[in-house]
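A.B. asks: Have a look at this one.
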Amino acid sequence: MPTLDKVSIEQRFSTDDRDVIALVEILVRSGSDAAKYLFLTLQRWVRDHGGASIRRRFDLDLTLSDRLVDYSDERGPEGTLYLILDPDSAAFALLNPTIELLGNVHPRLAATFFRHFTGSLNRWVRVYDYHDAEERVDMLREWHEGEENPEQCEVPDIEGCTPQCLKEQSLSLRGLKDLNQRMRNKKVRVLVSRVLELCSISRQAKRPEFTDDMGEQLMDSNPPLPCLLAAFSSGDAVVGCFDDEAETAMETTPQPNVIVPLKLSDPTGVRQGFRTLAAACETLAAASRLIDLMPGNDGGIIPLEGQS
């Protein structure tokens with residue numbers, strides 16, 4: 001944050017810097033509300049790191065706070081603030097049309113695309129996919145074991161809705177790049193290029209470590225809310241498991257998806273924290289642009305304010 005204690009006080013008259021004057025007027029009208037000024041600054045920062053693309057698909061909140069749980073008395077160490085990124089609702093990606101398209105080109109391409117698409121996002125935020133649904137089914141089966149006829153209890157058929165091609169061993173990034181160079185299908189080549197871009201962006205920074213003080217604040221929390229639901233079709237068993245889990249997800253405050261601690265006494269660390277957040281934001285923006293290109297995903301776009 002800027003400090004003004006060493007700045008000399010001057011009065012200047014300017015006639016040609018109209019944009020600068022307009023900005024000054026906005027800041028003056030905000031009065032002494034430092035929180036409002038900070039909020040406007042964060043908005044501009046997000047806009048410069050893919051905000052428009054993120055908002056197209058992802059419904060997220062970015063907050064700056066001295067605690068990880070709202071209305072909690074448990075705060076972080078003195079002089080520490082947290083940048084917190086969390087969803088208001090989950091974005092949606094339909095996979096089957098893309099899987100079918102890629103499967104017609106190479107038998108291992110669909111599994112490779114899925115792994116790198118969800119894996120790159122999972123480096124930063126939670127993606128709910130068929131793996132999560134399988135864990136849900138396993139838990140339901142454990143619950144039913146104590147009943148008289150557990151075999152008669154119905155559970156979602158995740159195995160039945162999962163394409164078999166996803167069981168194939170995926171290609172390495174090098175193998176995917178080599179395959180893409182030989183690709184003749186332009187539409188598939190663009191999809192693969194964009195998922196390679198997503199992988200590269202997601203690795204630009206390392207996710208901050210989960211510290212002991214974070215654990216103390218979140219010891220009674222639920223798992224993070226999903227930022228993306230990756231399903232094969234709009235009403236498949238993965239969606240069913242997601243909806244089932246959503247009913248209890250907010251019974252206890254969930255953990256944030258992204259936590260970037262800022263120690264205010266360490267300017268270098270603060271700058272690094274914002275570089276870390278930039279990697280997370282640009283990963284989400286790249287994922288949003290990729291979903292736009294995936295066939296069958298014309299829906300799921302969040303309208304701008306004032307539009308319907």
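Identifiers for the structure tokens are assigned positionally: chains receive A, B, ... in sequence, residues are indexed from 1 per chain, and ligands are indexed from 1 in the order shown.
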Find the residues around A:Arg207 up to 8 Å (only C-alpha atoms counted), leave out those fewer than 6 positions away in its own chain, and share them as a PyMOL selection string.
C.D. replies: chain A and resi 123-124+276
A.B. asks: Restricting it to N, CA, C and O atoms, dump the selection as a CSV table (one decimal), in the first residue's frame.
C.D. replies:
```
chain,number,residue,atom,x,y,z
A,123,ARG,N,-4.8,-27.1,-9.5
A,123,ARG,CA,-3.6,-26.6,-8.8
A,123,ARG,C,-4.0,-25.3,-8.0
A,123,ARG,O,-3.3,-25.0,-7.0
A,124,TRP,N,-5.1,-24.7,-8.3
A,124,TRP,CA,-5.5,-23.5,-7.7
A,124,TRP,C,-6.9,-23.5,-7.0
A,124,TRP,O,-7.0,-23.0,-5.9
A,276,THR,N,1.5,-14.4,-7.1
A,276,THR,CA,0.8,-15.7,-6.9
A,276,THR,C,-0.6,-15.6,-7.3
A,276,THR,O,-1.2,-16.5,-8.0
```
A.B. asks: Enumerate, as an mmCIF file with N, CA, C and O atoms, in the first residue's frame, the complete set of residues in stretch 55-173 of chain A that a backbone-based DSSP assignment places in strand (DSSP E).
C.D. replies:
```
data_model
loop_
_atom_site.group_PDB
_atom_site.id
_atom_site.type_symbol
_atom_site.label_atom_id
_atom_site.label_comp_id
_atom_site.auth_asym_id
_atom_site.auth_seq_id
_atom_site.Cartn_x
_atom_site.Cartn_y
_atom_site.Cartn_z
ATOM 1 N N ASP A 59 -18.103 -17.466 -11.142
ATOM 2 C CA ASP A 59 -18.755 -16.557 -10.199
ATOM 3 C C ASP A 59 -17.945 -16.569 -8.909
ATOM 4 O O ASP A 59 -18.174 -17.401 -8.022
ATOM 5 N N LEU A 60 -16.996 -15.654 -8.799
ATOM 6 C CA LEU A 60 -16.019 -15.685 -7.712
ATOM 7 C C LEU A 60 -15.984 -14.375 -6.953
ATOM 8 O O LEU A 60 -16.313 -13.308 -7.489
ATOM 9 N N ASP A 61 -15.550 -14.468 -5.709
ATOM 10 C CA ASP A 61 -15.323 -13.291 -4.867
ATOM 11 C C ASP A 61 -13.855 -13.257 -4.460
ATOM 12 O O ASP A 61 -13.277 -14.290 -4.076
ATOM 13 N N LEU A 62 -13.255 -12.071 -4.532
ATOM 14 C CA LEU A 62 -11.909 -11.856 -4.015
ATOM 15 C C LEU A 62 -12.018 -10.887 -2.849
ATOM 16 O O LEU A 62 -12.534 -9.780 -2.996
ATOM 17 N N THR A 63 -11.564 -11.310 -1.688
ATOM 18 C CA THR A 63 -11.630 -10.458 -0.500
ATOM 19 C C THR A 63 -10.256 -10.339 0.134
ATOM 20 O O THR A 63 -9.380 -11.189 -0.055
ATOM 21 N N LEU A 64 -10.085 -9.269 0.883
ATOM 22 C CA LEU A 64 -8.872 -9.042 1.663
ATOM 23 C C LEU A 64 -9.295 -8.894 3.116
ATOM 24 O O LEU A 64 -10.092 -8.016 3.445
ATOM 25 N N SER A 65 -8.787 -9.766 3.981
ATOM 26 C CA SER A 65 -9.273 -9.790 5.360
ATOM 27 C C SER A 65 -8.161 -10.219 6.305
ATOM 28 O O SER A 65 -7.155 -10.809 5.887
ATOM 29 N N THR A 80 -0.766 -9.525 9.538
ATOM 30 C CA THR A 80 -1.000 -10.413 8.398
ATOM 31 C C THR A 80 -2.417 -10.231 7.863
ATOM 32 O O THR A 80 -3.378 -10.212 8.625
ATOM 33 N N LEU A 81 -2.522 -10.067 6.568
ATOM 34 C CA LEU A 81 -3.812 -10.060 5.883
ATOM 35 C C LEU A 81 -3.836 -11.220 4.898
ATOM 36 O O LEU A 81 -2.785 -11.749 4.511
ATOM 37 N N TYR A 82 -5.037 -11.607 4.479
ATOM 38 C CA TYR A 82 -5.191 -12.719 3.540
ATOM 39 C C TYR A 82 -5.979 -12.270 2.313
ATOM 40 O O TYR A 82 -7.042 -11.647 2.439
ATOM 41 N N LEU A 83 -5.451 -12.581 1.148
ATOM 42 C CA LEU A 83 -6.222 -12.500 -0.079
ATOM 43 C C LEU A 83 -6.943 -13.833 -0.235
ATOM 44 O O LEU A 83 -6.300 -14.895 -0.250
ATOM 45 N N ILE A 84 -8.271 -13.788 -0.341
ATOM 46 C CA ILE A 84 -9.088 -15.002 -0.341
ATOM 47 C C ILE A 84 -9.936 -15.040 -1.601
ATOM 48 O O ILE A 84 -10.670 -14.091 -1.890
ATOM 49 N N LEU A 85 -9.845 -16.139 -2.340
ATOM 50 C CA LEU A 85 -10.619 -16.324 -3.567
ATOM 51 C C LEU A 85 -11.566 -17.501 -3.376
ATOM 52 O O LEU A 85 -11.125 -18.597 -3.030
ATOM 53 N N ASP A 86 -12.867 -17.255 -3.587
ATOM 54 C CA ASP A 86 -13.868 -18.287 -3.337
ATOM 55 C C ASP A 86 -15.058 -18.113 -4.274
ATOM 56 O O ASP A 86 -15.357 -16.997 -4.697
ATOM 57 N N PRO A 87 -15.769 -19.201 -4.598
ATOM 58 C CA PRO A 87 -16.910 -19.109 -5.511
ATOM 59 C C PRO A 87 -18.219 -18.801 -4.797
ATOM 60 O O PRO A 87 -18.439 -19.216 -3.661
ATOM 61 N N ASP A 88 -19.092 -18.074 -5.483
ATOM 62 C CA ASP A 88 -20.483 -17.952 -5.054
ATOM 63 C C ASP A 88 -21.310 -19.096 -5.612
ATOM 64 O O ASP A 88 -22.318 -19.498 -5.032
ATOM 65 N N SER A 89 -20.906 -19.608 -6.757
ATOM 66 C CA SER A 89 -21.535 -20.782 -7.370
ATOM 67 C C SER A 89 -20.506 -21.422 -8.285
ATOM 68 O O SER A 89 -19.484 -20.803 -8.615
ATOM 69 N N ALA A 91 -18.996 -22.922 -11.750
ATOM 70 C CA ALA A 91 -19.102 -22.893 -13.204
ATOM 71 C C ALA A 91 -19.373 -24.313 -13.701
ATOM 72 O O ALA A 91 -19.212 -25.294 -12.956
ATOM 73 N N PHE A 92 -19.771 -24.442 -14.962
ATOM 74 C CA PHE A 92 -20.133 -25.752 -15.498
ATOM 75 C C PHE A 92 -19.425 -25.980 -16.831
ATOM 76 O O PHE A 92 -19.397 -25.086 -17.685
ATOM 77 N N ALA A 93 -18.833 -27.155 -16.984
ATOM 78 C CA ALA A 93 -18.214 -27.554 -18.241
ATOM 79 C C ALA A 93 -18.767 -28.904 -18.669
ATOM 80 O O ALA A 93 -18.726 -29.868 -17.901
ATOM 81 N N LEU A 94 -19.299 -28.965 -19.881
ATOM 82 C CA LEU A 94 -19.846 -30.202 -20.453
ATOM 83 C C LEU A 94 -18.740 -30.886 -21.253
ATOM 84 O O LEU A 94 -18.164 -30.283 -22.164
ATOM 85 N N VAL A 127 -12.020 -28.458 -8.535
ATOM 86 C CA VAL A 127 -12.860 -28.913 -9.644
ATOM 87 C C VAL A 127 -13.585 -30.177 -9.198
ATOM 88 O O VAL A 127 -12.952 -31.117 -8.709
ATOM 89 N N TYR A 128 -14.891 -30.190 -9.364
ATOM 90 C CA TYR A 128 -15.675 -31.383 -9.039
ATOM 91 C C TYR A 128 -15.876 -32.183 -10.313
ATOM 92 O O TYR A 128 -16.516 -31.725 -11.262
#
```
A.B. asks: What is the atom CA of A:Leu228-atom CA of A:Leu121 distance in Å, reported with one decimal?
C.D. replies: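 That distance, rounded to one decimal, is 8.8 Å.
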A.B. asks: Can you check which residues of stretch 3-226 of chain A DSSP gives as alpha helix (DSSP H) on the backbone and send them as a short mmCIF file (atom, residue, chain, number, x, y, z; two decimals) with N, CA and C atoms, in the first residue's frame?
C.D. replies:
```cif
data_model
loop_
_atom_site.label_atom_id
_atom_site.label_comp_id
_atom_site.auth_asym_id
_atom_site.auth_seq_id
_atom_site.Cartn_x
_atom_site.Cartn_y
_atom_site.Cartn_z
N ARG A 18 -6.25 15.50 -18.18
CA ARG A 18 -7.65 15.32 -17.84
C ARG A 18 -7.93 13.97 -17.18
N ASP A 19 -7.28 12.90 -17.68
CA ASP A 19 -7.52 11.58 -17.10
C ASP A 19 -7.04 11.52 -15.66
N VAL A 20 -5.88 12.13 -15.40
CA VAL A 20 -5.35 12.13 -14.04
C VAL A 20 -6.29 12.91 -13.12
N ILE A 21 -6.78 14.05 -13.59
CA ILE A 21 -7.69 14.86 -12.79
C ILE A 21 -8.97 14.10 -12.48
N ALA A 22 -9.48 13.37 -13.48
CA ALA A 22 -10.70 12.58 -13.27
C ALA A 22 -10.49 11.53 -12.19
N LEU A 23 -9.31 10.87 -12.21
CA LEU A 23 -9.01 9.87 -11.19
C LEU A 23 -8.94 10.51 -9.81
N VAL A 24 -8.29 11.67 -9.72
CA VAL A 24 -8.18 12.36 -8.45
C VAL A 24 -9.56 12.71 -7.91
N GLU A 25 -10.45 13.15 -8.79
CA GLU A 25 -11.79 13.50 -8.35
C GLU A 25 -12.51 12.30 -7.76
N ILE A 26 -12.34 11.13 -8.40
CA ILE A 26 -12.96 9.91 -7.88
C ILE A 26 -12.43 9.60 -6.49
N LEU A 27 -11.13 9.69 -6.32
CA LEU A 27 -10.53 9.35 -5.03
C LEU A 27 -10.93 10.36 -3.96
N VAL A 28 -11.04 11.63 -4.34
CA VAL A 28 -11.45 12.63 -3.37
C VAL A 28 -12.89 12.39 -2.92
N ARG A 29 -13.75 12.01 -3.90
CA ARG A 29 -15.14 11.76 -3.54
C ARG A 29 -15.28 10.56 -2.61
N ALA A 34 -10.84 4.27 3.30
CA ALA A 34 -9.69 3.53 2.76
C ALA A 34 -10.12 2.18 2.20
N ALA A 35 -11.14 1.57 2.83
CA ALA A 35 -11.60 0.26 2.35
C ALA A 35 -12.17 0.37 0.93
N LYS A 36 -12.89 1.47 0.67
CA LYS A 36 -13.45 1.67 -0.67
C LYS A 36 -12.35 1.85 -1.70
N TYR A 37 -11.34 2.63 -1.34
CA TYR A 37 -10.20 2.84 -2.22
C TYR A 37 -9.50 1.51 -2.51
N LEU A 38 -9.32 0.71 -1.47
CA LEU A 38 -8.67 -0.58 -1.65
C LEU A 38 -9.51 -1.50 -2.53
N PHE A 39 -10.83 -1.48 -2.33
CA PHE A 39 -11.72 -2.30 -3.14
C PHE A 39 -11.63 -1.92 -4.62
N LEU A 40 -11.61 -0.62 -4.91
CA LEU A 40 -11.49 -0.17 -6.29
C LEU A 40 -10.15 -0.60 -6.90
N THR A 41 -9.10 -0.54 -6.07
CA THR A 41 -7.78 -0.95 -6.55
C THR A 41 -7.75 -2.44 -6.87
N LEU A 42 -8.34 -3.27 -6.01
CA LEU A 42 -8.39 -4.71 -6.28
C LEU A 42 -9.22 -5.02 -7.52
N GLN A 43 -10.31 -4.29 -7.72
CA GLN A 43 -11.12 -4.48 -8.93
C GLN A 43 -10.29 -4.22 -10.18
N ARG A 44 -9.55 -3.13 -10.16
CA ARG A 44 -8.72 -2.80 -11.32
C ARG A 44 -7.62 -3.85 -11.52
N TRP A 45 -7.05 -4.32 -10.42
CA TRP A 45 -5.99 -5.32 -10.51
C TRP A 45 -6.51 -6.61 -11.13
N VAL A 46 -7.69 -7.07 -10.71
CA VAL A 46 -8.28 -8.28 -11.27
C VAL A 46 -8.58 -8.09 -12.76
N ARG A 47 -9.10 -6.91 -13.12
CA ARG A 47 -9.39 -6.63 -14.52
C ARG A 47 -8.13 -6.77 -15.37
N GLY A 51 -9.76 -10.49 -15.69
CA GLY A 51 -11.06 -10.38 -15.03
C GLY A 51 -12.25 -10.58 -15.95
N ALA A 52 -12.21 -10.01 -17.15
CA ALA A 52 -13.35 -10.14 -18.06
C ALA A 52 -13.59 -11.59 -18.44
N SER A 53 -12.52 -12.33 -18.73
CA SER A 53 -12.66 -13.75 -19.08
C SER A 53 -13.13 -14.57 -17.89
N ILE A 54 -12.62 -14.25 -16.71
CA ILE A 54 -13.03 -14.99 -15.51
C ILE A 54 -14.52 -14.81 -15.27
N ARG A 55 -14.98 -13.56 -15.32
CA ARG A 55 -16.39 -13.28 -15.03
C ARG A 55 -17.33 -13.90 -16.06
N ARG A 56 -16.83 -14.22 -17.22
CA ARG A 56 -17.68 -14.82 -18.25
C ARG A 56 -18.20 -16.19 -17.82
N ARG A 57 -17.38 -16.93 -17.06
CA ARG A 57 -17.75 -18.30 -16.67
C ARG A 57 -17.79 -18.52 -15.16
N ASN A 96 -18.68 -34.42 -22.70
CA ASN A 96 -18.88 -35.48 -23.69
C ASN A 96 -18.62 -35.06 -25.13
N PRO A 97 -19.13 -33.91 -25.60
CA PRO A 97 -18.85 -33.52 -27.00
C PRO A 97 -17.36 -33.38 -27.29
N THR A 98 -16.61 -32.83 -26.33
CA THR A 98 -15.16 -32.68 -26.53
C THR A 98 -14.48 -34.04 -26.50
N ILE A 99 -14.89 -34.91 -25.58
CA ILE A 99 -14.30 -36.25 -25.49
C ILE A 99 -14.52 -37.03 -26.78
N GLU A 100 -15.71 -36.95 -27.34
CA GLU A 100 -16.00 -37.65 -28.60
C GLU A 100 -15.16 -37.09 -29.74
N LEU A 101 -15.02 -35.77 -29.79
CA LEU A 101 -14.22 -35.14 -30.85
C LEU A 101 -12.77 -35.58 -30.76
N LEU A 102 -12.20 -35.55 -29.56
CA LEU A 102 -10.79 -35.90 -29.39
C LEU A 102 -10.55 -37.39 -29.58
N GLY A 103 -11.52 -38.22 -29.17
CA GLY A 103 -11.38 -39.66 -29.31
C GLY A 103 -11.31 -40.11 -30.76
N LEU A 109 -6.06 -39.19 -26.54
CA LEU A 109 -6.13 -37.73 -26.49
C LEU A 109 -7.19 -37.24 -25.51
N ALA A 110 -8.33 -37.91 -25.42
CA ALA A 110 -9.39 -37.47 -24.51
C ALA A 110 -8.92 -37.54 -23.06
N ALA A 111 -8.28 -38.65 -22.69
CA ALA A 111 -7.78 -38.80 -21.32
C ALA A 111 -6.72 -37.75 -21.01
N THR A 112 -5.89 -37.45 -22.00
CA THR A 112 -4.83 -36.46 -21.83
C THR A 112 -5.42 -35.07 -21.63
N PHE A 113 -6.38 -34.72 -22.47
CA PHE A 113 -7.03 -33.42 -22.37
C PHE A 113 -7.71 -33.27 -21.01
N PHE A 114 -8.44 -34.29 -20.61
CA PHE A 114 -9.15 -34.22 -19.32
C PHE A 114 -8.17 -34.04 -18.17
N ARG A 115 -7.11 -34.81 -18.18
CA ARG A 115 -6.13 -34.74 -17.08
C ARG A 115 -5.53 -33.35 -16.97
N HIS A 116 -5.12 -32.77 -18.10
CA HIS A 116 -4.44 -31.48 -18.04
C HIS A 116 -5.43 -30.33 -17.83
N PHE A 117 -6.63 -30.46 -18.33
CA PHE A 117 -7.65 -29.43 -18.12
C PHE A 117 -8.02 -29.33 -16.64
N THR A 118 -8.43 -30.46 -16.06
CA THR A 118 -8.83 -30.44 -14.66
C THR A 118 -7.62 -30.29 -13.73
N GLY A 119 -6.50 -30.89 -14.11
CA GLY A 119 -5.31 -30.81 -13.26
C GLY A 119 -4.77 -29.40 -13.12
N SER A 120 -4.78 -28.65 -14.23
CA SER A 120 -4.28 -27.27 -14.18
C SER A 120 -5.14 -26.41 -13.28
N LEU A 121 -6.46 -26.58 -13.37
CA LEU A 121 -7.35 -25.82 -12.50
C LEU A 121 -7.23 -26.26 -11.05
N ASN A 122 -7.11 -27.57 -10.84
CA ASN A 122 -7.01 -28.09 -9.48
C ASN A 122 -5.75 -27.64 -8.75
N TYR A 130 -15.64 -36.61 -12.03
CA TYR A 130 -16.11 -37.97 -11.74
C TYR A 130 -15.30 -38.64 -10.62
N HIS A 131 -14.09 -38.19 -10.37
CA HIS A 131 -13.31 -38.73 -9.25
C HIS A 131 -13.98 -38.37 -7.91
N ASP A 132 -14.42 -37.12 -7.80
CA ASP A 132 -15.13 -36.70 -6.59
C ASP A 132 -16.43 -37.47 -6.43
N ALA A 133 -17.13 -37.69 -7.57
CA ALA A 133 -18.39 -38.43 -7.53
C ALA A 133 -18.15 -39.88 -7.08
N GLU A 134 -17.04 -40.48 -7.53
CA GLU A 134 -16.72 -41.85 -7.10
C GLU A 134 -16.48 -41.90 -5.60
N GLU A 135 -15.80 -40.90 -5.05
CA GLU A 135 -15.59 -40.86 -3.60
C GLU A 135 -16.93 -40.73 -2.86
N ARG A 136 -17.83 -39.96 -3.43
CA ARG A 136 -19.15 -39.82 -2.84
C ARG A 136 -19.89 -41.15 -2.82
N VAL A 137 -19.82 -41.90 -3.91
CA VAL A 137 -20.49 -43.19 -3.99
C VAL A 137 -19.89 -44.17 -3.00
N ASP A 138 -18.56 -44.16 -2.88
CA ASP A 138 -17.91 -45.04 -1.91
C ASP A 138 -18.39 -44.73 -0.49
N MET A 139 -18.56 -43.45 -0.17
CA MET A 139 -19.03 -43.06 1.15
C MET A 139 -20.47 -43.51 1.36
N LEU A 140 -21.31 -43.37 0.32
CA LEU A 140 -22.70 -43.82 0.44
C LEU A 140 -22.78 -45.32 0.68
N ARG A 141 -21.92 -46.07 0.02
CA ARG A 141 -21.91 -47.53 0.22
C ARG A 141 -21.52 -47.88 1.64
N GLU A 142 -20.56 -47.15 2.20
CA GLU A 142 -20.16 -47.39 3.58
C GLU A 142 -21.32 -47.11 4.53
N TRP A 143 -22.07 -46.05 4.25
CA TRP A 143 -23.22 -45.73 5.09
C TRP A 143 -24.28 -46.83 5.04
N HIS A 144 -24.43 -47.45 3.87
CA HIS A 144 -25.48 -48.45 3.69
C HIS A 144 -25.09 -49.84 4.22
N ILE A 158 -21.70 -43.98 -11.43
CA ILE A 158 -20.62 -43.17 -11.99
C ILE A 158 -19.87 -43.95 -13.05
N GLU A 159 -19.64 -45.23 -12.81
CA GLU A 159 -18.93 -46.06 -13.78
C GLU A 159 -19.67 -46.09 -15.12
N GLY A 160 -20.99 -46.15 -15.05
CA GLY A 160 -21.76 -46.25 -16.27
C GLY A 160 -21.76 -44.99 -17.11
N CYS A 161 -21.58 -43.83 -16.49
CA CYS A 161 -21.62 -42.58 -17.26
C CYS A 161 -20.24 -42.08 -17.65
N LEU A 173 3.14 -34.04 -21.38
CA LEU A 173 3.04 -32.76 -22.04
C LEU A 173 3.88 -32.72 -23.31
N ARG A 174 5.06 -33.32 -23.26
CA ARG A 174 5.90 -33.37 -24.46
C ARG A 174 5.22 -34.18 -25.56
N GLY A 175 4.65 -35.32 -25.17
CA GLY A 175 3.94 -36.14 -26.16
C GLY A 175 2.74 -35.41 -26.74
N LEU A 176 2.05 -34.63 -25.91
CA LEU A 176 0.90 -33.87 -26.38
C LEU A 176 1.34 -32.78 -27.36
N LYS A 177 2.44 -32.12 -27.06
CA LYS A 177 2.95 -31.09 -27.97
C LYS A 177 3.37 -31.70 -29.30
N ASP A 178 4.04 -32.84 -29.26
CA ASP A 178 4.46 -33.50 -30.49
C ASP A 178 3.26 -33.92 -31.33
N LEU A 179 2.24 -34.46 -30.66
CA LEU A 179 1.03 -34.87 -31.38
C LEU A 179 0.34 -33.67 -32.00
N ASN A 180 0.31 -32.56 -31.28
CA ASN A 180 -0.38 -31.37 -31.79
C ASN A 180 0.30 -30.80 -33.03
N GLN A 181 1.61 -30.95 -33.11
CA GLN A 181 2.33 -30.46 -34.29
C GLN A 181 1.98 -31.27 -35.54
N LYS A 186 -8.06 -28.87 -37.53
CA LYS A 186 -7.80 -27.53 -37.00
C LYS A 186 -8.51 -27.28 -35.68
N LYS A 187 -9.75 -27.75 -35.56
CA LYS A 187 -10.52 -27.53 -34.34
C LYS A 187 -9.87 -28.22 -33.15
N VAL A 188 -9.41 -29.44 -33.36
CA VAL A 188 -8.74 -30.17 -32.28
C VAL A 188 -7.40 -29.53 -31.96
N ARG A 189 -6.70 -29.06 -32.99
CA ARG A 189 -5.40 -28.43 -32.76
C ARG A 189 -5.54 -27.18 -31.89
N VAL A 190 -6.60 -26.41 -32.12
CA VAL A 190 -6.83 -25.22 -31.31
C VAL A 190 -7.13 -25.61 -29.86
N LEU A 191 -7.96 -26.64 -29.67
CA LEU A 191 -8.28 -27.09 -28.31
C LEU A 191 -7.02 -27.54 -27.57
N VAL A 192 -6.18 -28.30 -28.26
CA VAL A 192 -4.97 -28.81 -27.61
C VAL A 192 -4.01 -27.65 -27.32
N SER A 193 -3.91 -26.70 -28.24
CA SER A 193 -3.04 -25.54 -28.00
C SER A 193 -3.49 -24.77 -26.78
N ARG A 194 -4.79 -24.61 -26.63
CA ARG A 194 -5.31 -23.86 -25.49
C ARG A 194 -5.13 -24.61 -24.18
N VAL A 195 -5.24 -25.93 -24.19
CA VAL A 195 -5.03 -26.66 -22.94
C VAL A 195 -3.55 -26.65 -22.58
N LEU A 196 -2.67 -26.64 -23.58
CA LEU A 196 -1.23 -26.50 -23.30
C LEU A 196 -0.94 -25.12 -22.71
N GLU A 197 -1.60 -24.11 -23.23
CA GLU A 197 -1.46 -22.76 -22.67
C GLU A 197 -1.93 -22.72 -21.22
N LEU A 198 -3.06 -23.37 -20.95
CA LEU A 198 -3.59 -23.44 -19.59
C LEU A 198 -2.59 -24.09 -18.65
N CYS A 199 -1.99 -25.19 -19.08
CA CYS A 199 -0.99 -25.89 -18.26
C CYS A 199 0.18 -24.96 -17.93
N SER A 200 0.66 -24.23 -18.94
CA SER A 200 1.81 -23.35 -18.74
C SER A 200 1.49 -22.23 -17.77
N ILE A 201 0.32 -21.61 -17.92
CA ILE A 201 -0.07 -20.50 -17.05
C ILE A 201 -0.23 -20.97 -15.61
N SER A 202 -0.82 -22.14 -15.42
CA SER A 202 -1.09 -22.63 -14.06
C SER A 202 0.19 -22.91 -13.29
N ASP A 212 0.12 -23.40 9.88
CA ASP A 212 -0.52 -23.82 11.13
C ASP A 212 -1.60 -22.83 11.56
N ASP A 213 -1.35 -21.53 11.38
CA ASP A 213 -2.36 -20.55 11.83
C ASP A 213 -3.60 -20.63 10.95
N MET A 214 -3.43 -20.98 9.66
CA MET A 214 -4.60 -21.21 8.82
C MET A 214 -5.38 -22.42 9.32
N GLY A 215 -4.66 -23.47 9.67
CA GLY A 215 -5.32 -24.68 10.17
C GLY A 215 -6.10 -24.43 11.44
N GLU A 216 -5.57 -23.58 12.33
CA GLU A 216 -6.28 -23.27 13.57
C GLU A 216 -7.58 -22.51 13.29
N GLN A 217 -7.54 -21.61 12.31
CA GLN A 217 -8.74 -20.85 11.98
C GLN A 217 -9.79 -21.71 11.29
#
```
A.B. asks: Between atom CA of A:Ile291 and atom CA of A:Cys227, what is the distance, to one decimal in Å?
C.D. replies: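 Atom CA of A:Cys227 lies at a distance of 13.7 Å from atom CA of A:Ile291.
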A.B. asks: With distances taken over only C-alpha atoms, which residue among A:Asp73, A:Asp157, A:Leu68, A:Phe58 lies nearest A:Val239?
C.D. replies: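 Closest residue, counting only C-alpha atoms: A:Asp157.
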